[in-house]
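A.B. asks: What follows is model_3.tsv; its format and atoms are TSV, C-alpha atoms and all ligand atoms.
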chain	number	residue	atom	x	y	z
A	14	MET	CA	0.00	0.00	0.00
A	15	THR	CA	1.41	3.34	-1.09
A	16	ILE	CA	1.20	6.09	1.53
A	17	ARG	CA	0.17	9.35	-0.15
A	18	PHE	CA	1.70	12.46	1.45
A	19	ALA	CA	1.30	16.20	1.68
A	20	VAL	CA	4.15	18.30	3.03
A	21	LEU	CA	3.05	21.42	4.92
A	22	GLY	CA	5.60	24.22	4.55
A	23	ALA	CA	8.28	24.11	1.85
A	24	GLY	CA	11.10	25.90	3.70
A	25	ARG	CA	14.44	24.36	4.72
A	26	ILE	CA	13.15	21.13	6.24
A	27	GLY	CA	10.00	20.89	4.09
A	28	GLN	CA	12.15	20.53	0.97
A	29	VAL	CA	14.25	17.88	2.71
A	30	HIS	CA	11.13	15.88	3.57
A	31	ALA	CA	9.65	16.31	0.09
A	32	ARG	CA	12.88	14.86	-1.31
A	33	ALA	CA	12.90	12.07	1.29
A	34	ILE	CA	9.30	11.08	0.47
A	35	SER	CA	10.16	11.02	-3.23
A	36	SER	CA	13.06	8.63	-2.48
A	37	VAL	CA	11.17	6.14	-0.28
A	38	PRO	CA	9.54	3.15	-1.99
A	39	GLY	CA	5.85	2.97	-1.11
A	40	ALA	CA	5.60	6.71	-0.39
A	41	GLU	CA	4.22	9.27	-2.82
A	42	LEU	CA	4.30	13.06	-2.63
A	43	VAL	CA	0.88	14.29	-3.79
A	44	ALA	CA	0.79	17.92	-2.63
A	45	ILE	CA	2.62	20.70	-0.82
A	46	ALA	CA	1.08	23.58	1.15
A	47	GLU	CA	3.19	26.73	1.15
A	48	SER	CA	1.89	30.19	1.99
A	49	PHE	CA	4.81	32.14	0.49
A	50	GLU	CA	4.06	32.35	-3.24
A	51	LYS	CA	7.67	32.29	-4.48
A	52	ALA	CA	8.48	29.25	-2.33
A	53	ALA	CA	5.28	27.53	-3.53
A	54	ASP	CA	6.25	28.11	-7.19
A	55	ALA	CA	9.75	26.78	-6.53
A	56	ALA	CA	8.34	23.68	-4.78
A	57	ARG	CA	5.89	23.00	-7.64
A	58	GLU	CA	8.80	23.21	-10.07
A	59	ALA	CA	11.20	21.13	-7.96
A	60	PHE	CA	8.84	18.33	-6.96
A	61	GLY	CA	6.28	18.33	-9.78
A	62	CYS	CA	3.39	18.09	-7.34
A	63	GLU	CA	0.28	20.17	-6.73
A	64	ILE	CA	0.18	23.14	-4.38
A	65	ARG	CA	-2.94	23.03	-2.18
A	66	ASP	CA	-3.97	25.06	0.84
A	67	LEU	CA	-4.26	23.50	4.31
A	68	ASP	CA	-8.07	23.16	4.26
A	69	THR	CA	-8.03	21.50	0.85
A	70	ILE	CA	-5.41	19.01	2.05
A	71	ALA	CA	-7.45	18.26	5.19
A	72	GLY	CA	-10.39	17.40	2.93
A	73	SER	CA	-8.43	15.54	0.23
A	74	ASP	CA	-9.29	11.86	-0.17
A	75	ASP	CA	-6.07	11.23	-2.09
A	76	ILE	CA	-3.87	12.13	0.90
A	77	ASP	CA	-3.24	9.67	3.76
A	78	ALA	CA	-0.55	11.49	5.73
A	79	VAL	CA	0.90	14.95	6.31
A	80	VAL	CA	4.41	16.05	7.28
A	81	ILE	CA	4.28	19.31	9.26
A	82	CYS	CA	7.26	21.49	8.34
A	83	THR	CA	5.79	24.93	9.05
A	84	PRO	CA	7.24	27.18	11.79
A	85	THR	CA	7.15	25.78	15.32
A	86	ASP	CA	4.34	28.07	16.58
A	87	THR	CA	1.91	26.43	14.12
A	88	HIS	CA	2.65	22.76	14.96
A	89	ALA	CA	0.17	22.03	17.76
A	90	ASP	CA	-2.78	23.59	15.88
A	91	LEU	CA	-1.90	21.69	12.71
A	92	ILE	CA	-1.49	18.38	14.56
A	93	GLU	CA	-5.01	18.78	15.95
A	94	LYS	CA	-6.47	19.93	12.63
A	95	PHE	CA	-5.07	17.01	10.63
A	96	VAL	CA	-5.63	14.29	13.22
A	97	LYS	CA	-9.28	15.42	13.34
A	98	ALA	CA	-9.34	15.24	9.53
A	99	GLY	CA	-8.30	11.57	9.79
A	100	LYS	CA	-4.76	12.03	8.46
A	101	LYS	CA	-1.69	10.28	9.88
A	102	VAL	CA	0.58	13.03	11.17
A	103	PHE	CA	4.35	13.36	11.15
A	104	CYS	CA	5.39	16.62	12.86
A	105	GLU	CA	8.78	18.23	12.92
A	106	LYS	CA	10.28	18.97	16.33
A	107	PRO	CA	9.37	20.65	18.60
A	108	VAL	CA	5.65	19.88	18.98
A	109	ASP	CA	5.18	23.28	20.65
A	110	LEU	CA	7.16	25.62	22.88
A	111	ASP	CA	4.85	25.14	25.85
A	112	VAL	CA	4.56	21.88	27.81
A	113	ASP	CA	0.84	22.37	28.54
A	114	ARG	CA	0.08	23.03	24.86
A	115	VAL	CA	1.97	19.85	23.92
A	116	LYS	CA	-0.05	17.87	26.48
A	117	ALA	CA	-3.31	19.27	25.07
A	118	ALA	CA	-2.30	18.35	21.51
A	119	LEU	CA	-1.33	14.82	22.60
A	120	ALA	CA	-4.70	14.49	24.36
A	121	THR	CA	-6.44	15.41	21.10
A	122	VAL	CA	-4.38	12.81	19.21
A	123	GLU	CA	-5.39	10.20	21.77
A	124	ALA	CA	-9.07	11.22	21.76
A	125	GLU	CA	-9.13	10.95	17.97
A	126	ASN	CA	-7.24	7.63	18.08
A	127	GLY	CA	-4.76	9.34	15.80
A	128	THR	CA	-1.18	8.66	14.76
A	129	LEU	CA	1.57	11.17	15.57
A	130	MET	CA	5.28	10.70	14.91
A	131	VAL	CA	7.71	13.45	15.97
A	132	GLY	CA	10.72	14.20	13.77
A	133	PHE	CA	13.73	13.18	15.80
A	134	ASN	CA	15.72	12.23	12.72
A	135	ARG	CA	18.97	11.42	14.51
A	136	ARG	CA	17.56	8.12	15.79
A	137	PHE	CA	17.39	7.06	12.12
A	138	ASP	CA	20.94	7.99	11.13
A	139	PRO	CA	22.75	4.80	10.02
A	140	ASP	CA	25.86	5.53	12.14
A	141	PHE	CA	23.85	6.40	15.26
A	142	MET	CA	21.67	3.31	14.73
A	143	ALA	CA	24.84	1.19	14.56
A	144	LEU	CA	26.10	2.85	17.75
A	145	LYS	CA	22.79	2.07	19.50
A	146	ALA	CA	22.91	-1.53	18.21
A	147	ALA	CA	26.44	-1.88	19.61
A	148	LEU	CA	25.20	-0.67	23.01
A	149	ASP	CA	22.20	-3.02	22.91
A	150	SER	CA	24.46	-5.97	22.00
A	151	GLY	CA	26.35	-5.50	25.29
A	152	LYS	CA	29.73	-5.10	23.50
A	153	VAL	CA	30.72	-2.16	25.71
A	154	GLY	CA	28.80	-3.22	28.81
A	155	GLU	CA	26.53	-0.89	30.74
A	156	VAL	CA	26.25	2.72	29.52
A	157	GLU	CA	27.94	5.04	32.01
A	158	MET	CA	28.86	8.36	30.35
A	159	ILE	CA	27.83	9.94	27.05
A	160	SER	CA	29.24	12.95	25.20
A	161	ILE	CA	27.16	14.51	22.45
A	162	THR	CA	28.72	17.22	20.30
A	163	SER	CA	26.23	19.09	18.13
A	164	ARG	CA	27.37	22.30	16.52
A	165	ASP	CA	25.78	24.07	13.56
A	166	PRO	CA	27.94	25.71	10.86
A	167	GLY	CA	25.94	28.92	11.30
A	168	ALA	CA	22.86	30.37	12.97
A	169	PRO	CA	19.46	30.49	11.25
A	170	PRO	CA	18.04	33.94	10.30
A	171	ALA	CA	16.76	36.28	13.04
A	172	ALA	CA	13.15	35.75	11.87
A	173	TYR	CA	13.53	32.01	12.54
A	174	ILE	CA	15.21	32.49	15.93
A	175	LYS	CA	12.39	34.82	17.06
A	176	VAL	CA	9.78	32.03	16.84
A	177	SER	CA	12.12	29.10	17.54
A	178	GLY	CA	11.75	29.07	21.33
A	179	GLY	CA	15.50	29.49	21.84
A	180	ILE	CA	18.50	27.20	21.54
A	181	PHE	CA	17.35	24.57	24.07
A	182	ARG	CA	13.87	24.05	22.59
A	183	ASP	CA	15.01	24.42	18.98
A	184	MET	CA	18.47	22.86	18.76
A	185	THR	CA	19.40	20.98	21.94
A	186	ILE	CA	16.00	19.25	21.77
A	187	HIS	CA	17.52	16.79	19.25
A	188	ASP	CA	20.33	16.03	21.71
A	189	PHE	CA	17.89	15.60	24.60
A	190	ASP	CA	16.08	13.00	22.54
A	191	VAL	CA	19.32	11.21	21.58
A	192	ALA	CA	20.40	11.29	25.24
A	193	ARG	CA	17.12	9.66	26.40
A	194	TRP	CA	17.38	7.08	23.62
A	195	LEU	CA	20.96	6.08	24.50
A	196	LEU	CA	20.83	6.41	28.29
A	197	GLY	CA	17.90	4.00	28.45
A	198	GLU	CA	16.67	5.75	31.64
A	199	GLU	CA	14.89	9.02	32.22
A	200	VAL	CA	16.95	12.04	33.29
A	201	GLU	CA	16.60	13.18	36.89
A	202	THR	CA	18.73	16.36	37.03
A	203	VAL	CA	19.76	18.98	34.47
A	204	TYR	CA	22.50	21.61	34.70
A	205	ALA	CA	23.10	24.04	31.84
A	206	ALA	CA	25.45	26.94	31.14
A	207	ALA	CA	24.69	29.18	28.17
A	208	SER	CA	26.14	32.34	26.62
A	209	VAL	CA	26.18	34.52	23.54
A	210	LEU	CA	29.62	34.08	21.99
A	211	THR	CA	29.09	34.06	18.22
A	212	ASP	CA	26.64	36.86	17.35
A	213	PRO	CA	25.36	39.68	19.61
A	214	GLU	CA	22.11	39.85	17.59
A	215	ILE	CA	21.18	36.43	19.00
A	216	GLY	CA	21.52	37.98	22.46
A	217	THR	CA	19.28	40.92	21.55
A	218	LEU	CA	16.63	38.37	20.51
A	219	GLY	CA	16.82	36.95	24.06
A	220	ASP	CA	18.53	33.73	23.01
A	221	TYR	CA	21.90	32.04	23.52
A	222	ASP	CA	24.21	30.63	20.84
A	223	SER	CA	26.54	28.46	22.92
A	224	ALA	CA	25.45	25.93	25.53
A	225	THR	CA	26.75	23.08	27.64
A	226	VAL	CA	24.30	20.75	29.36
A	227	VAL	CA	24.93	18.00	31.91
A	228	LEU	CA	22.19	15.40	32.38
A	229	ARG	CA	22.18	12.80	35.18
A	230	THR	CA	19.85	9.84	35.61
A	231	LYS	CA	18.68	8.39	38.92
A	232	SER	CA	21.26	5.58	38.76
A	233	GLY	CA	24.02	8.14	38.11
A	234	LYS	CA	24.53	7.79	34.33
A	235	GLN	CA	25.71	11.07	32.84
A	236	CYS	CA	25.44	12.81	29.48
A	237	THR	CA	27.21	16.00	28.43
A	238	ILE	CA	25.91	17.99	25.45
A	239	SER	CA	27.98	20.67	23.70
A	240	ASN	CA	26.08	23.01	21.36
A	241	SER	CA	27.17	26.00	19.32
A	242	ARG	CA	25.46	27.95	16.55
A	243	ARG	CA	28.88	28.41	14.90
A	244	ALA	CA	31.36	25.79	13.75
A	245	THR	CA	33.67	27.24	11.09
A	246	TYR	CA	34.64	23.70	9.96
A	247	GLY	CA	31.10	22.45	9.12
A	248	TYR	CA	28.28	20.53	10.80
A	249	ASP	CA	29.88	18.89	13.84
A	250	GLN	CA	27.84	15.84	14.90
A	251	ARG	CA	29.59	13.31	17.14
A	252	ILE	CA	28.59	10.90	19.87
A	253	GLU	CA	30.82	9.00	22.27
A	254	VAL	CA	29.50	6.48	24.80
A	255	LEU	CA	31.67	5.11	27.59
A	256	GLY	CA	30.45	1.77	28.89
A	257	SER	CA	31.61	-0.53	31.68
A	258	LYS	CA	33.46	-2.72	29.14
A	259	GLY	CA	34.56	-0.23	26.49
A	260	LEU	CA	33.72	2.68	24.30
A	261	VAL	CA	31.70	3.26	21.14
A	262	GLN	CA	31.76	6.42	19.09
A	263	ALA	CA	30.24	7.86	15.93
A	264	ARG	CA	32.50	10.31	14.15
A	265	ASN	CA	31.72	13.17	11.80
A	266	MET	CA	30.84	12.55	8.16
A	267	HIS	CA	33.07	14.15	5.55
A	268	GLU	CA	32.35	14.85	1.90
A	269	ALA	CA	34.52	11.76	1.39
A	270	ASN	CA	35.79	9.67	4.30
A	271	ILE	CA	39.46	9.77	3.29
A	272	GLU	CA	42.55	11.16	4.96
A	273	THR	CA	45.62	12.39	3.07
A	274	ALA	CA	49.07	12.58	4.65
A	275	ASN	CA	52.03	14.51	3.24
A	276	GLU	CA	54.75	16.84	4.46
A	277	GLY	CA	52.06	19.35	5.45
A	278	GLY	CA	50.47	16.83	7.84
A	279	TYR	CA	47.18	14.93	7.75
A	280	THR	CA	44.15	16.42	5.99
A	281	SER	CA	40.58	15.28	5.24
A	282	PRO	CA	37.88	16.71	2.97
A	283	PRO	CA	35.41	19.16	4.58
A	284	LEU	CA	32.58	17.93	6.79
A	285	LEU	CA	29.12	17.58	5.28
A	286	ASN	CA	27.94	21.12	5.74
A	287	PHE	CA	24.51	20.93	7.44
A	288	PHE	CA	21.49	18.79	8.26
A	289	MET	CA	20.22	18.71	4.67
A	290	THR	CA	23.24	16.70	3.52
A	291	ARG	CA	24.51	15.13	6.77
A	292	TYR	CA	21.18	13.49	7.60
A	293	THR	CA	19.83	12.67	4.11
A	294	ALA	CA	19.69	8.94	4.91
A	295	ALA	CA	18.18	9.60	8.35
A	296	TYR	CA	15.30	11.66	6.90
A	297	ALA	CA	14.54	8.95	4.33
A	298	ASN	CA	14.74	6.24	7.03
A	299	GLU	CA	12.35	8.11	9.33
A	300	ILE	CA	9.77	8.54	6.55
A	301	ALA	CA	10.16	4.82	5.72
A	302	ALA	CA	9.64	3.96	9.42
A	303	PHE	CA	6.54	6.20	9.55
A	304	CYS	CA	5.12	4.45	6.46
A	305	ALA	CA	5.87	1.01	7.96
A	306	ALA	CA	4.06	1.93	11.20
A	307	ILE	CA	1.01	3.14	9.20
A	308	ARG	CA	0.97	0.00	7.05
A	309	GLU	CA	1.41	-2.40	9.96
A	310	GLY	CA	-0.79	-0.46	12.37
A	311	THR	CA	2.02	-0.38	14.96
A	312	ALA	CA	3.27	2.42	17.21
A	313	THR	CA	5.54	4.95	15.52
A	314	PRO	CA	9.20	4.64	16.60
A	315	THR	CA	9.21	8.22	17.91
A	316	THR	CA	6.06	9.51	19.55
A	317	GLY	CA	4.37	12.61	20.89
A	318	GLU	CA	5.48	11.47	24.34
A	319	ASP	CA	9.13	11.61	23.16
A	320	GLY	CA	8.43	15.15	21.97
A	321	LEU	CA	7.01	16.06	25.37
A	322	LYS	CA	9.91	14.54	27.36
A	323	ALA	CA	12.50	16.32	25.20
A	324	LEU	CA	10.66	19.63	25.68
A	325	GLU	CA	10.58	19.12	29.45
A	326	LEU	CA	14.35	18.69	29.39
A	327	ALA	CA	14.67	21.85	27.26
A	328	GLU	CA	12.61	23.86	29.76
A	329	ALA	CA	14.68	22.51	32.65
A	330	ALA	CA	17.90	23.43	30.84
A	331	LEU	CA	16.65	26.97	30.18
A	332	ARG	CA	15.71	27.38	33.86
A	333	SER	CA	19.11	26.06	34.90
A	334	ALA	CA	20.96	28.43	32.54
A	335	GLN	CA	18.91	31.40	33.76
A	336	THR	CA	19.30	30.63	37.47
A	337	GLY	CA	22.67	28.90	37.60
A	338	THR	CA	21.17	26.04	39.58
A	339	VAL	CA	20.72	22.31	39.04
A	340	VAL	CA	17.08	21.56	38.09
A	341	THR	CA	15.47	18.34	39.28
A	342	LEU	CA	12.71	16.91	37.11
B	401	LIG	N1	14.54	17.81	12.24
B	401	LIG	C1	15.34	18.70	11.73
B	401	LIG	O1	16.48	18.41	11.42
B	401	LIG	C2	14.85	20.12	11.50
B	401	LIG	C3	15.66	20.99	10.76
B	401	LIG	C4	15.19	22.28	10.53
B	401	LIG	C5	13.97	22.68	11.02
B	401	LIG	N2	13.21	21.81	11.75
B	401	LIG	C6	11.90	22.24	12.28
B	401	LIG	O2	11.03	22.41	11.15
B	401	LIG	C7	10.21	23.58	11.30
B	401	LIG	C8	10.41	24.49	10.10
B	401	LIG	O3	11.75	24.91	10.07
B	401	LIG	P1	12.44	25.46	8.71
B	401	LIG	O4	13.86	25.70	9.06
B	401	LIG	O5	12.12	24.60	7.56
B	401	LIG	O6	11.66	26.86	8.58
B	401	LIG	P2	11.47	27.74	7.28
B	401	LIG	O7	11.11	29.08	7.78
B	401	LIG	O8	12.62	27.57	6.35
B	401	LIG	O9	10.20	27.08	6.53
B	401	LIG	C9	8.87	27.16	6.97
B	401	LIG	C10	7.98	27.30	5.73
B	401	LIG	O10	6.61	27.20	6.13
B	401	LIG	C11	5.87	28.15	5.35
B	401	LIG	N3	4.62	28.42	6.08
B	401	LIG	C12	4.43	29.14	7.20
B	401	LIG	N4	3.13	29.10	7.59
B	401	LIG	C13	2.49	28.33	6.68
B	401	LIG	C14	1.13	27.91	6.53
B	401	LIG	N5	0.19	28.28	7.41
B	401	LIG	N6	0.81	27.13	5.48
B	401	LIG	C15	1.76	26.76	4.57
B	401	LIG	N7	3.07	27.13	4.68
B	401	LIG	C16	3.41	27.90	5.70
B	401	LIG	C17	6.79	29.35	5.23
B	401	LIG	O11	6.43	30.19	4.16
B	401	LIG	C18	8.14	28.64	5.03
B	401	LIG	O12	8.42	28.43	3.65
B	401	LIG	C19	10.60	24.19	12.63
B	401	LIG	O13	9.66	23.81	13.60
B	401	LIG	C20	11.96	23.59	12.96
B	401	LIG	O14	12.14	23.41	14.36
B	401	LIG	C21	13.62	20.54	11.99
Translate the structure of the given file into structure tokens.
Ligand SMILES: NC(=O)c1ccc[n+]([C@@H]2O[C@H](COP(=O)([O-])OP(=O)(O)OC[C@H]3O[C@@H](n4cnc5c(N)ncnc54)[C@H](O)[C@@H]3O)[C@@H](O)[C@H]2O)c1

C.D. replies:
Amino acid sequence: MTIRFAVLGAGRIGQVHARAISSVPGAELVAIAESFEKAADAAREAFGCEIRDLDTIAGSDDIDAVVICTPTDTHADLIEKFVKAGKKVFCEKPVDLDVDRVKAALATVEAENGTLMVGFNRRFDPDFMALKAALDSGKVGEVEMISITSRDPGAPPAAYIKVSGGIFRDMTIHDFDVARWLLGEEVETVYAAASVLTDPEIGTLGDYDSATVVLRTKSGKQCTISNSRRATYGYDQRIEVLGSKGLVQARNMHEANIETANEGGYTSPPLLNFFMTRYTAAYANEIAAFCAAIREGTATPTTGEDGLKALELAEAALRSAQTGTVVTL
């Protein structure tokens, strides 16, 4: 059974998802909703699909599922609208910026017996999946300490930052989800330090651009997250897990994974520059997993509850950064 999709919002991530859908067997891109005319024309041209407005998509019999890629402040309303319209919903992170609003949206999904998958693409990255499989196989024993490095090559535009909810809800939220996934236990305490080091404009918008977070579970497992909105050398995405019997790590992906040595020293090609290229396989895998869950009638591998838990960690981190104290969940 082919799952017929509409993508809502054809900005940075909407185009990535439209491409991912087009690449997944058993998935078909039928329509895109995009309110900015120039972007809508470009999407029609790039993907050869129809442009429809949100109400038309909600009422379209030839669409089974929607992928919400509009700005964050629209997500909760759109989840409710499309679940009520009987569509399977995949929503980009975060579900909303407010924990109570997320809970209300999840209650609507439950009341409608709907399907909601939240876009935590890193769980579907082949290298991170292999790292998780190595942990689950027991090769490195019990997980004890995790280091996640997640640095963007550059900050998004001011207009995006204004509605993003800030670095913890917008960016670190991916790392909170990866931390929960790899720790295998819920986090009990959060400590965060955050500053503006790369661009004063980010500070004037009330946000931070550089953050360090320390998470600790009840049994004492720890995870450190290092975030920056500026990495001059590309998209820096690494994970290292120390276990009781060893260590497993996922390194950065380069344009080609080669290393050249000569009298000038060792050099490698540049890193893949940002999420659009670094996580191409992950975005396709997550759409494939969403389709499989729809076809088989099983739970989606990432859920609204995962979205809620990650947001709770983001709120705790923000409180910790603002007060300088450790926050207990
Ligand atoms: N998982 C990831 O890796 C990832 C990466 C980037 C962004 N995101 C998330 O995706 C969301 C969008 O981010 P982005 O960077 O693509 O933003 P963006 O601003 O580039 O794109 C949003 C698009 O939605 C359109 N839009 C706004 N309201 C609309 C409406 N009512 N109907 C139709 N179209 C509408 C805008 O015109 C714009 O083209 C954010 O919530 C962000 O957190 C996730």

A.B. asks: Please give me, as an MDAnalysis selection string, the residues lying within 7 Å of ligand LIG 401 (chain B) when counting only C-alpha atoms and all ligand atoms.

C.D. replies: chainID A and resid 21:27 46:49 52 66:67 82:85 105:107 132:134 173 177 183 288

A.B. asks: Could you please take those selected residues and save C-alpha atoms as a compact mmCIF listing (two decimals), in the frame of the given file?

C.D. replies:
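And here is the file that came out, out-v9.txt:
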# COMPACT_ATOMS: atom_id res chain seq x y z
CA LEU A 21 3.05 21.42 4.92
CA GLY A 22 5.60 24.22 4.55
CA ALA A 23 8.28 24.11 1.85
CA GLY A 24 11.10 25.90 3.70
CA ARG A 25 14.44 24.36 4.72
CA ILE A 26 13.15 21.13 6.24
CA GLY A 27 10.00 20.89 4.09
CA ALA A 46 1.08 23.58 1.15
CA GLU A 47 3.19 26.73 1.15
CA SER A 48 1.89 30.19 1.99
CA PHE A 49 4.81 32.14 0.49
CA ALA A 52 8.48 29.25 -2.33
CA ASP A 66 -3.97 25.06 0.84
CA LEU A 67 -4.26 23.50 4.31
CA CYS A 82 7.26 21.49 8.34
CA THR A 83 5.79 24.93 9.05
CA PRO A 84 7.24 27.18 11.79
CA THR A 85 7.15 25.78 15.32
CA GLU A 105 8.78 18.23 12.92
CA LYS A 106 10.28 18.97 16.33
CA PRO A 107 9.37 20.65 18.60
CA GLY A 132 10.72 14.20 13.77
CA PHE A 133 13.73 13.18 15.80
CA ASN A 134 15.72 12.23 12.72
CA TYR A 173 13.53 32.01 12.54
CA SER A 177 12.12 29.10 17.54
CA ASP A 183 15.01 24.42 18.98
CA PHE A 288 21.49 18.79 8.26

A.B. asks: Point out the residue among A:Asp77, A:Asp222, A:Glu268, A:Asp212 with the least atom-to-atom distance to A:Glu41, counting all atoms listed in the file.

C.D. replies: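 Residue with the minimum atom-to-atom distance to A:Glu41: A:Asp77.
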
A.B. asks: Pick out the closest residue to A:Val226 from this set: A:Asn265, A:Ser281, A:Thr338, A:Ser35. Count all atoms listed in the file.

C.D. replies: A:Thr338

A.B. asks: Using only C-alpha atoms, determine which residues lie at most 12 Å from A:Thr311, disregarding the query and same-chain residues fewer than 4 positions distant; provide the list as a list in words.

C.D. replies: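 Those residues are Gly127, Thr128, Leu129, Met130, Ala302, Phe303, Cys304, Ala305, Ala306, Ile307, Thr315 and Thr316 of chain A.
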
A.B. asks: Fewer than 5 positions away in the same chain doesn't count, so skip those; otherwise give me all residues within 9 Å of A:Gly256, counting only C-alpha atoms, as a ChimeraX atom specification.

C.D. replies: /A:148,152-159,261

A.B. asks: Using all atoms listed in the file, can you tell me which of A:Gly99, A:Gly61, A:Lys145, A:Glu253 comes closest to A:Arg32?

C.D. replies: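 Closest to A:Arg32 of all the choices is A:Gly61.
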
A.B. asks: So which residues are close to (16.1, 6.7, 33.5), meaning at most 7 Å away in the file's coordinates with all atoms listed in the file counted, and can you show them as an NGL selection string?

C.D. replies: :A and (197-200 or 230-231)

A.B. asks: Can you write out the residues you just picked, keeping C-alpha atoms, as a compact mmCIF listing (two decimals), in the frame of the given file?

C.D. replies:
# COMPACT_ATOMS: atom_id res chain seq x y z
CA GLY A 197 17.90 4.00 28.45
CA GLU A 198 16.67 5.75 31.64
CA GLU A 199 14.89 9.02 32.22
CA VAL A 200 16.95 12.04 33.29
CA THR A 230 19.85 9.84 35.61
CA LYS A 231 18.68 8.39 38.92

A.B. asks: Pick the closest to A:Leu119 from A:Leu321, A:Ala78, A:Ala329, A:Leu342: which is it, counting all atoms listed in the file?

C.D. replies: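 With all atoms listed in the file as the atom set, the closest residue is A:Leu321.
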
A.B. asks: Could you check the closest approach to A:His187 for each of A:Ala274, A:Leu326, A:Ala19, A:Met142 and tell me which residue wins, using all atoms listed in the file?

C.D. replies: A:Leu326

A.B. asks: Between A:Glu272, A:Glu328, A:Asp138, A:Glu318, single out the one closest to A:Arg251, counting all atoms listed in the file.

C.D. replies: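 Between A:Glu272, A:Glu328, A:Asp138, A:Glu318, the residue approaching A:Arg251 most closely is A:Asp138.
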
A.B. asks: Just how far from atom CA of A:Gly167 is atom CA of A:Gly247, in Å to one decimal?

C.D. replies: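 Interatomic distance, atom CA of A:Gly247 to atom CA of A:Gly167: 8.6 Å.
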
A.B. asks: Go ahead and find all residues with at least one atom no further than 6 Å from (12.8, 11.9, 28.6) in the file's coordinates, using only C-alpha atoms; report them as a ChimeraX atom specification.

C.D. replies: /A:193,199,322-323

A.B. asks: Set the distance at 12 Å and use only C-alpha atoms: which residues neighbour A:Arg264 once local chain neighbours fewer than 6 positions away are removed? I'd like the list as JSON, numbers by chain.

C.D. replies: {"A": [139, 140, 141, 143, 144, 160, 161, 162, 163, 248, 249, 250, 251, 252, 253, 254, 270, 284, 285, 291]}

A.B. asks: Just C-alpha atoms for this one: save the residues we selected as an mmCIF file, in the frame of the given file.

C.D. replies:
data_model
loop_
_atom_site.group_PDB
_atom_site.id
_atom_site.type_symbol
_atom_site.label_atom_id
_atom_site.label_comp_id
_atom_site.auth_asym_id
_atom_site.auth_seq_id
_atom_site.Cartn_x
_atom_site.Cartn_y
_atom_site.Cartn_z
ATOM 1 C CA PRO A 139 22.750 4.800 10.020
ATOM 2 C CA ASP A 140 25.860 5.530 12.140
ATOM 3 C CA PHE A 141 23.850 6.400 15.260
ATOM 4 C CA ALA A 143 24.840 1.190 14.560
ATOM 5 C CA LEU A 144 26.100 2.850 17.750
ATOM 6 C CA SER A 160 29.240 12.950 25.200
ATOM 7 C CA ILE A 161 27.160 14.510 22.450
ATOM 8 C CA THR A 162 28.720 17.220 20.300
ATOM 9 C CA SER A 163 26.230 19.090 18.130
ATOM 10 C CA TYR A 248 28.280 20.530 10.800
ATOM 11 C CA ASP A 249 29.880 18.890 13.840
ATOM 12 C CA GLN A 250 27.840 15.840 14.900
ATOM 13 C CA ARG A 251 29.590 13.310 17.140
ATOM 14 C CA ILE A 252 28.590 10.900 19.870
ATOM 15 C CA GLU A 253 30.820 9.000 22.270
ATOM 16 C CA VAL A 254 29.500 6.480 24.800
ATOM 17 C CA ASN A 270 35.790 9.670 4.300
ATOM 18 C CA LEU A 284 32.580 17.930 6.790
ATOM 19 C CA LEU A 285 29.120 17.580 5.280
ATOM 20 C CA ARG A 291 24.510 15.130 6.770
#

A.B. asks: How far is it from atom CA of A:Ala33 to atom CA of A:Tyr296, in Å with one decimal?

C.D. replies: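 Atom-to-atom, atom CA of A:Ala33 to atom CA of A:Tyr296, that is 6.1 Å.
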
A.B. asks: Find the residues near A:Ile76: any atom within 9 Å, counting all atoms listed in the file, skip ones fewer than 5 places away on the same chain, and give them as a ChimeraX atom specification.

C.D. replies: /A:16-19,42-44,70-71,100

A.B. asks: Write the selection just made, keeping C-alpha atoms, as a PDB file, keeping the file's coordinate frame?

C.D. replies:
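The resulting file, selection.pdb, is reproduced below:
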ATOM      1  CA  ILE A  16       1.200   6.090   1.530  1.00  0.00           C
ATOM      2  CA  ARG A  17       0.170   9.350  -0.150  1.00  0.00           C
ATOM      3  CA  PHE A  18       1.700  12.460   1.450  1.00  0.00           C
ATOM      4  CA  ALA A  19       1.300  16.200   1.680  1.00  0.00           C
ATOM      5  CA  LEU A  42       4.300  13.060  -2.630  1.00  0.00           C
ATOM      6  CA  VAL A  43       0.880  14.290  -3.790  1.00  0.00           C
ATOM      7  CA  ALA A  44       0.790  17.920  -2.630  1.00  0.00           C
ATOM      8  CA  ILE A  70      -5.410  19.010   2.050  1.00  0.00           C
ATOM      9  CA  ALA A  71      -7.450  18.260   5.190  1.00  0.00           C
ATOM     10  CA  LYS A 100      -4.760  12.030   8.460  1.00  0.00           C
TER      11      LYS A 100
END

A.B. asks: Skipping near chain neighbours, those fewer than 4 positions away, what residues fall within 8 Å of A:Ala301 using all atoms listed in the file, listed as a short mmCIF file (atom, residue, chain, number, x, y, z; two decimals) with C-alpha atoms, in the coordinates of the input?

C.D. replies:
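This went into around.cif:
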data_model
loop_
_atom_site.label_atom_id
_atom_site.label_comp_id
_atom_site.auth_asym_id
_atom_site.auth_seq_id
_atom_site.Cartn_x
_atom_site.Cartn_y
_atom_site.Cartn_z
CA VAL A 37 11.17 6.14 -0.28
CA PRO A 38 9.54 3.15 -1.99
CA ALA A 40 5.60 6.71 -0.39
CA ALA A 297 14.54 8.95 4.33
CA ALA A 305 5.87 1.01 7.96
#

A.B. asks: May I ask for the distance between atom CA of A:Asp86 and atom CA of A:Asp109, given in Å to one decimal place?

C.D. replies: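 Calculated distance between atom CA of A:Asp86 and atom CA of A:Asp109 is 6.3 Å.
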